[in-house]
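Enquirer: Okay, handing you the structure first.
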Amino acid sequence: MEVRSSEYLQRSRELLKKLVERLQEDYAYASVLGMDNRARQYSIRSTGITAGPSPRFTNRGFVARVRDERGYAEYSFNHIDEDAVEEIARIFREELIPLGSKVLESGTFSSMERKAPEEEAMTLRKSTEYEIWPYDFGDEKIFEVLKSIREQAKAYDPRILDCGASYVFQEIHKVFISGKKNLEQNLLWSSGSVNTMAPKGQEIVMSFQGYSGLVGAELLETMDKDVENVAKTSIELLSAEPMVPGEYDCVCTPSVTGMIVHEAFGHGVEMDMFVKDRALAKHFIGEYVASPLVTMHDGAAVMQETGSYFFDDDGNIAKDTVIIDKGILKTGMIDELSAEVLDIPTTGNGRRESYERKAYTRMTNTYFEGGTDSVEDMIASIDYGFLLDQPTSGMEDPKNWGIQCMVNFAREIRDGKLTGKIFSPIVLTGYVPDLLKSITMMSPDVELEGGGMCGKGYKEWVKVSDGGPYIKARIRLG
């Protein structure tokens with residue numbers, strides 16, 4: 001079934017159109033973005049159960065933008081009626097535009113000649129599909145599944161100390177209206193996680209698995225079927241040894257590949273960082289930065305995951321952008337205003353945490369294309385190395401192309417075979433081009449995960465997904 005429209009936004013549409021028309025009397029361009037998003041989250045573990053709205057994913061309101069040759073201004077609000085139309089026009093005219101002029105006159109910031117965006121007339125209404133609407137499924141049934149997951153994990157082995165299971169979903173409704181555009185999108189995503197813990201002396205070892213997609217409560221069935229695999233890994237980690245630091249041939253699972261994609265060439269090619277000269281990638285467009293086997297994409301239109309949408313918060317249609325093509329860095333991703341500064345086309349990557357926040361260039365679904373090698377052949381090609389799995393966290397330095405990531409565990413490979421030995425925890429470090437140029441094998445199938453979130457530095461959180469195939473590379477571990 002298709003996700004239905006927001007009644008709130010439908011009731012507001014005519015007033016939003018009237019607001020745009022009123023603002024266009026004073027400015028060359030005007031638009032308004034309306035959001036009506038709500039979410040619920042659930043978790044169960046030994047400390048208790050929780051259920052309720054998810055504040056981070058729940059927001060309702062609008063942001064209006066005006067532009068002319070002097071620049072642009074935005075104003076966010078959460079109420080619209082006939083009186084508000086003229087009041088918002090007054091705020092732009094008497095408060096925001098004069099404030100911008102004062103800032104420019106102070107000499108604190110430089111100005112540039114701007115022009116209103118050239119738009120094509122477009123009407124769009126699209127919705128994602130689901131099998132089970134979470135609100136209809138209900139809190140009680142959701143907790144029945146989460147309880148079943150926990151009980152299955154604890155029954156797997158008496159050494160399992162606890163199992164935590166969580167589920168969150170968000171319905172997203174947006175409209176974008178300008179002089180020529182009338183856009184609407186309605187989406188539903190779900191994500192969940194299962195983590196199992198076991199005591200190892202004074203420490204606790206943990207295994208986990210994330211699940212996500214543009215789906216409804218049917219995701220819970222997938223989680224329920226996968227509990228044993230998560231619990232089994234926790235027990236294996238009881239015999240884990242510390243990693244001997246060094247550089248090794250490694251096979252990365254799709255989830256670890258996704259972390260490398262996200263951290264190595266994700267933030268570094270968000271091109272608002274090019275505007276600020278804070279990304280080394282700016283100086284390597286057209287050059288080899290990876291193995292010729294590597295082709296990297298980012299795009300909200302290219303996969304069905306939590307980073308997907310039909311149009312971005314600047315009102316631009318979602319795209320599939322090839323960032324790296326056979327090892328050559330072709331371009332980055334970019335929002336509308338940054339694209340104007342750099343004089344390049346937008347890629348549909350302008351995203352806001354909420355209607356109250358600025359639109360930044362943000363990743364969506366970011367991944368490597370698949371190759372032709374089997375996982376078995378990758379493992380067989382390694383004299384001594386590791387299979388890396390379960391990424392936990394990562395960070396990068398876009399100015400210097402350094403990367404540091406945490407992986408939960410590594411399985412030893414010797415003479416082309418898995419030995420059964422396991423090592424944990426793992427720190428993955430290196431210089432991004434060196435790591436990507438060392439890739440020599442890639443499997444055909446591409447998998448993405450979108451259970452986490454991504455911040456712009458320490459804030460501006462949005463949902464993203466990342467992934468790719470299994471890859472073989474030379475990686476520094478510690």
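For the structure tokens, the naming scheme is as follows: chains receive sequential letters (A, B, ...) according to their order of presentation, residues are indexed from 1 within each chain, and ligands are indexed from 1 in presentation order.
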Please identify every residue of region 147-171 of chain A that has at least one atom no farther than 9 Å from an atom of region 127-143 of chain A, counting only C-alpha atoms, and for each give the shortest atom pair and the distance in Å to one decimal, arranged by chain then increasing number, as CSV.
Expert:
residue,atom,partner,partner_atom,distance
A:Lys147,CA,A:Phe143,CA,5.8
A:Ser148,CA,A:Phe143,CA,8.3
A:Tyr167,CA,A:Ile142,CA,8.3
A:Phe169,CA,A:Pro134,CA,7.7
Enquirer: Grab the residues selected above and save them as a short mmCIF file (atom, residue, chain, number, x, y, z; two decimals), in the first residue's frame with C-alpha atoms.
Expert:
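Full text of selection19.cif as output:
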data_model
loop_
_atom_site.label_atom_id
_atom_site.label_comp_id
_atom_site.auth_asym_id
_atom_site.auth_seq_id
_atom_site.Cartn_x
_atom_site.Cartn_y
_atom_site.Cartn_z
CA LYS A 147 10.15 -9.84 23.50
CA SER A 148 10.37 -12.95 21.30
CA TYR A 167 12.55 -0.68 16.52
CA PHE A 169 9.82 4.09 12.28
#
Enquirer: Hey, what does DSSP flag as strand (DSSP E or B) within region 73-310 of chain A? Can you give it to me as a PyMOL selection string?
Expert: chain A and resi 73-77+122-127+129+162-178+181-200+203-213+241+246-252+270+288+296-298
Enquirer: Restricted to C-alpha atoms, what would the selected residues look like written as an mmCIF file, in the first residue's frame?
Expert:
data_model
loop_
_atom_site.group_PDB
_atom_site.id
_atom_site.type_symbol
_atom_site.label_atom_id
_atom_site.label_comp_id
_atom_site.auth_asym_id
_atom_site.auth_seq_id
_atom_site.Cartn_x
_atom_site.Cartn_y
_atom_site.Cartn_z
ATOM 1 C CA ALA A 73 16.741 34.967 3.281
ATOM 2 C CA GLU A 74 14.769 32.254 5.086
ATOM 3 C CA TYR A 75 12.115 32.265 7.758
ATOM 4 C CA SER A 76 10.735 29.219 9.592
ATOM 5 C CA PHE A 77 7.310 29.090 11.220
ATOM 6 C CA MET A 122 6.807 20.629 -12.427
ATOM 7 C CA THR A 123 4.038 18.883 -10.546
ATOM 8 C CA LEU A 124 4.896 15.736 -8.611
ATOM 9 C CA ARG A 125 3.233 13.519 -6.051
ATOM 10 C CA LYS A 126 4.967 10.301 -5.039
ATOM 11 C CA SER A 127 4.730 7.887 -2.128
ATOM 12 C CA GLU A 129 4.903 1.521 -0.302
ATOM 13 C CA ASP A 162 21.139 -9.953 27.969
ATOM 14 C CA CYS A 163 19.676 -9.069 24.609
ATOM 15 C CA GLY A 164 18.454 -5.650 23.578
ATOM 16 C CA ALA A 165 16.051 -5.213 20.688
ATOM 17 C CA SER A 166 14.802 -1.912 19.292
ATOM 18 C CA TYR A 167 12.547 -0.684 16.524
ATOM 19 C CA VAL A 168 11.852 2.821 15.217
ATOM 20 C CA PHE A 169 9.820 4.086 12.284
ATOM 21 C CA GLN A 170 9.167 7.481 10.754
ATOM 22 C CA GLU A 171 6.523 8.692 8.345
ATOM 23 C CA ILE A 172 7.701 11.680 6.315
ATOM 24 C CA HIS A 173 5.392 14.107 4.536
ATOM 25 C CA LYS A 174 6.734 17.108 2.615
ATOM 26 C CA VAL A 175 5.430 19.628 0.132
ATOM 27 C CA PHE A 176 7.497 22.147 -1.826
ATOM 28 C CA ILE A 177 5.809 25.050 -3.559
ATOM 29 C CA SER A 178 7.395 27.797 -5.652
ATOM 30 C CA LYS A 181 6.907 23.785 -8.692
ATOM 31 C CA ASN A 182 4.205 21.952 -6.799
ATOM 32 C CA LEU A 183 5.789 18.865 -5.213
ATOM 33 C CA GLU A 184 4.627 16.349 -2.620
ATOM 34 C CA GLN A 185 6.273 13.243 -1.179
ATOM 35 C CA ASN A 186 5.169 10.729 1.449
ATOM 36 C CA LEU A 187 7.612 8.162 2.795
ATOM 37 C CA LEU A 188 7.853 5.524 5.502
ATOM 38 C CA TRP A 189 11.060 3.953 6.757
ATOM 39 C CA SER A 190 11.728 1.482 9.544
ATOM 40 C CA SER A 191 14.938 0.478 11.269
ATOM 41 C CA GLY A 192 15.762 -1.896 14.080
ATOM 42 C CA SER A 193 18.654 -3.482 15.911
ATOM 43 C CA VAL A 194 19.430 -6.597 17.902
ATOM 44 C CA ASN A 195 22.411 -6.761 20.255
ATOM 45 C CA THR A 196 23.471 -9.607 22.518
ATOM 46 C CA MET A 197 25.905 -9.423 25.431
ATOM 47 C CA ALA A 198 28.024 -11.974 27.260
ATOM 48 C CA PRO A 199 30.451 -11.538 30.198
ATOM 49 C CA LYS A 200 34.174 -12.055 29.594
ATOM 50 C CA GLU A 203 34.359 -7.050 30.466
ATOM 51 C CA ILE A 204 31.198 -7.394 28.405
ATOM 52 C CA VAL A 205 31.440 -8.498 24.787
ATOM 53 C CA MET A 206 28.643 -7.638 22.422
ATOM 54 C CA SER A 207 27.429 -8.594 18.968
ATOM 55 C CA PHE A 208 24.834 -6.627 17.046
ATOM 56 C CA GLN A 209 22.985 -6.385 13.772
ATOM 57 C CA GLY A 210 21.048 -3.527 12.204
ATOM 58 C CA TYR A 211 18.032 -3.713 9.877
ATOM 59 C CA SER A 212 16.434 -1.007 7.778
ATOM 60 C CA GLY A 213 14.489 -0.112 4.675
ATOM 61 C CA GLU A 241 42.250 -12.153 21.071
ATOM 62 C CA GLY A 246 50.058 -4.033 11.324
ATOM 63 C CA GLU A 247 49.061 -3.823 7.695
ATOM 64 C CA TYR A 248 47.089 -6.801 6.402
ATOM 65 C CA ASP A 249 45.203 -8.103 3.412
ATOM 66 C CA CYS A 250 41.549 -7.877 4.442
ATOM 67 C CA VAL A 251 38.135 -8.844 3.179
ATOM 68 C CA CYS A 252 35.429 -6.403 4.294
ATOM 69 C CA GLU A 270 30.059 17.150 0.379
ATOM 70 C CA TYR A 288 42.741 8.706 -9.727
ATOM 71 C CA MET A 296 31.033 5.108 -6.105
ATOM 72 C CA HIS A 297 27.490 6.493 -6.120
ATOM 73 C CA ASP A 298 25.428 8.750 -3.922
#
Enquirer: Measure the distance from CA of Val375 (chain A) to CA of Ile475 (chain A) in Å and round it to one decimal.
Expert: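 Separating CA of Val375 (chain A) from CA of Ile475 (chain A) is a distance of 17.4 Å.
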Enquirer: When DSSP works through the backbone of this structure, what residues of region 309-412 of chain A end up as helix (DSSP H, G or I), shown as a ChimeraX atom specification?
Expert: /A:336-342,375-380
Enquirer: Counting only C-alpha atoms, which of A:Asp68, A:Leu146, A:Leu428, A:Asp377 gets nearest to Lys225 (chain A)?
Expert: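 Ranking A:Asp68, A:Leu146, A:Leu428, A:Asp377 by distance to Lys225 (chain A), first place goes to A:Leu146.
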Enquirer: List as a list of chain:residue names the protein and nucleic acid residues near Val446 (chain A), meaning an atom at most 9 Å away when only C-alpha atoms are counted, but skip any in the same chain fewer than 6 places from it.
Expert: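 That gives A:Pro254, A:Tyr367, A:Phe368, A:Glu369, A:Gly370, A:Gly467, A:Gly468, A:Pro469, A:Tyr470.
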Enquirer: Measuring atom to atom with only C-alpha atoms, identify which of A:Asp397, A:Asp157, A:Glu69, A:Glu7 is nearest to Gly266 (chain A).
Expert: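 Among the listed residues, the smallest separation from Gly266 (chain A) belongs to A:Asp397.
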Enquirer: Which of these, A:Ala231, A:Met271, A:Leu96, A:Ala51, has the shortest distance to Tyr156 (chain A) once you count only C-alpha atoms?
Expert: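 Of the candidates, the smallest distance to Tyr156 (chain A) is held by A:Ala231.
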Enquirer: Can you tell me, as a list in words, what residues are no more than 8 Å from Gly402 (chain A) when counting only C-alpha atoms, ignoring any on the same chain fewer than 5 positions away?
Expert: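 Once the nearby chain positions are removed, what remains is Ala264, Glu396, Asp397, Thr429, Gly430, Tyr431 and Val432 of chain A.
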Enquirer: Which one is closest to Gly258 (chain A): A:Asp415, A:Asp389, A:Asp373, A:Glu221? Count only C-alpha atoms.
Expert: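 For Gly258 (chain A), the nearest of the candidates is A:Asp389.
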Enquirer: Rank A:Tyr309, A:Ile149, A:Ser338, A:Arg22 by their smallest atom-to-atom distance to Ile44 (chain A), using only C-alpha atoms, and report the top residue only.
Expert: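 Ranked by minimum distance to Ile44 (chain A), first place goes to A:Ile149.
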Enquirer: Which residues are near Lys326 (chain A)? Cut-off 9 Å, only C-alpha atoms, ignore same chain within fewer than 6 positions. Put them as a tab-separated table (two decimals) with N, CA and C atoms, in the first residue's frame.
Expert:
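The file below, result.tsv, is the result:
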chain	number	residue	atom	x	y	z
A	288	TYR	N	42.95	10.01	-10.36
A	288	TYR	CA	42.74	8.71	-9.73
A	288	TYR	C	42.89	8.85	-8.22
A	290	ALA	N	41.33	6.09	-6.37
A	290	ALA	CA	40.96	4.74	-5.97
A	290	ALA	C	41.36	3.77	-7.06
A	291	SER	N	41.24	2.50	-6.75
A	291	SER	CA	41.48	1.45	-7.73
A	291	SER	C	40.52	1.61	-8.91
A	292	PRO	N	40.95	1.24	-10.13
A	292	PRO	CA	40.03	1.28	-11.29
A	292	PRO	C	38.80	0.40	-11.10
A	293	LEU	N	38.81	-0.50	-10.11
A	293	LEU	CA	37.64	-1.33	-9.83
A	293	LEU	C	36.53	-0.55	-9.14
A	294	VAL	N	36.87	0.63	-8.59
A	294	VAL	CA	35.95	1.35	-7.71
A	294	VAL	C	35.10	2.36	-8.47
A	295	THR	N	33.79	2.16	-8.41
A	295	THR	CA	32.83	3.19	-8.85
A	295	THR	C	31.90	3.45	-7.68
A	296	MET	N	31.79	4.71	-7.30
A	296	MET	CA	31.03	5.11	-6.11
A	296	MET	C	29.86	5.98	-6.49
Enquirer: For the atom pair CA of Met35 (chain A) and CA of Ser354 (chain A), what is the interatomic distance in Å to one decimal place?
Expert: 8.0 Å
Enquirer: Contacts of Pro391 (chain A) at 8 Å or less, counting only C-alpha atoms, minus same-chain residues fewer than 3 places along, as number ranges by chain?
Expert: A: 255-256, 259, 405-408
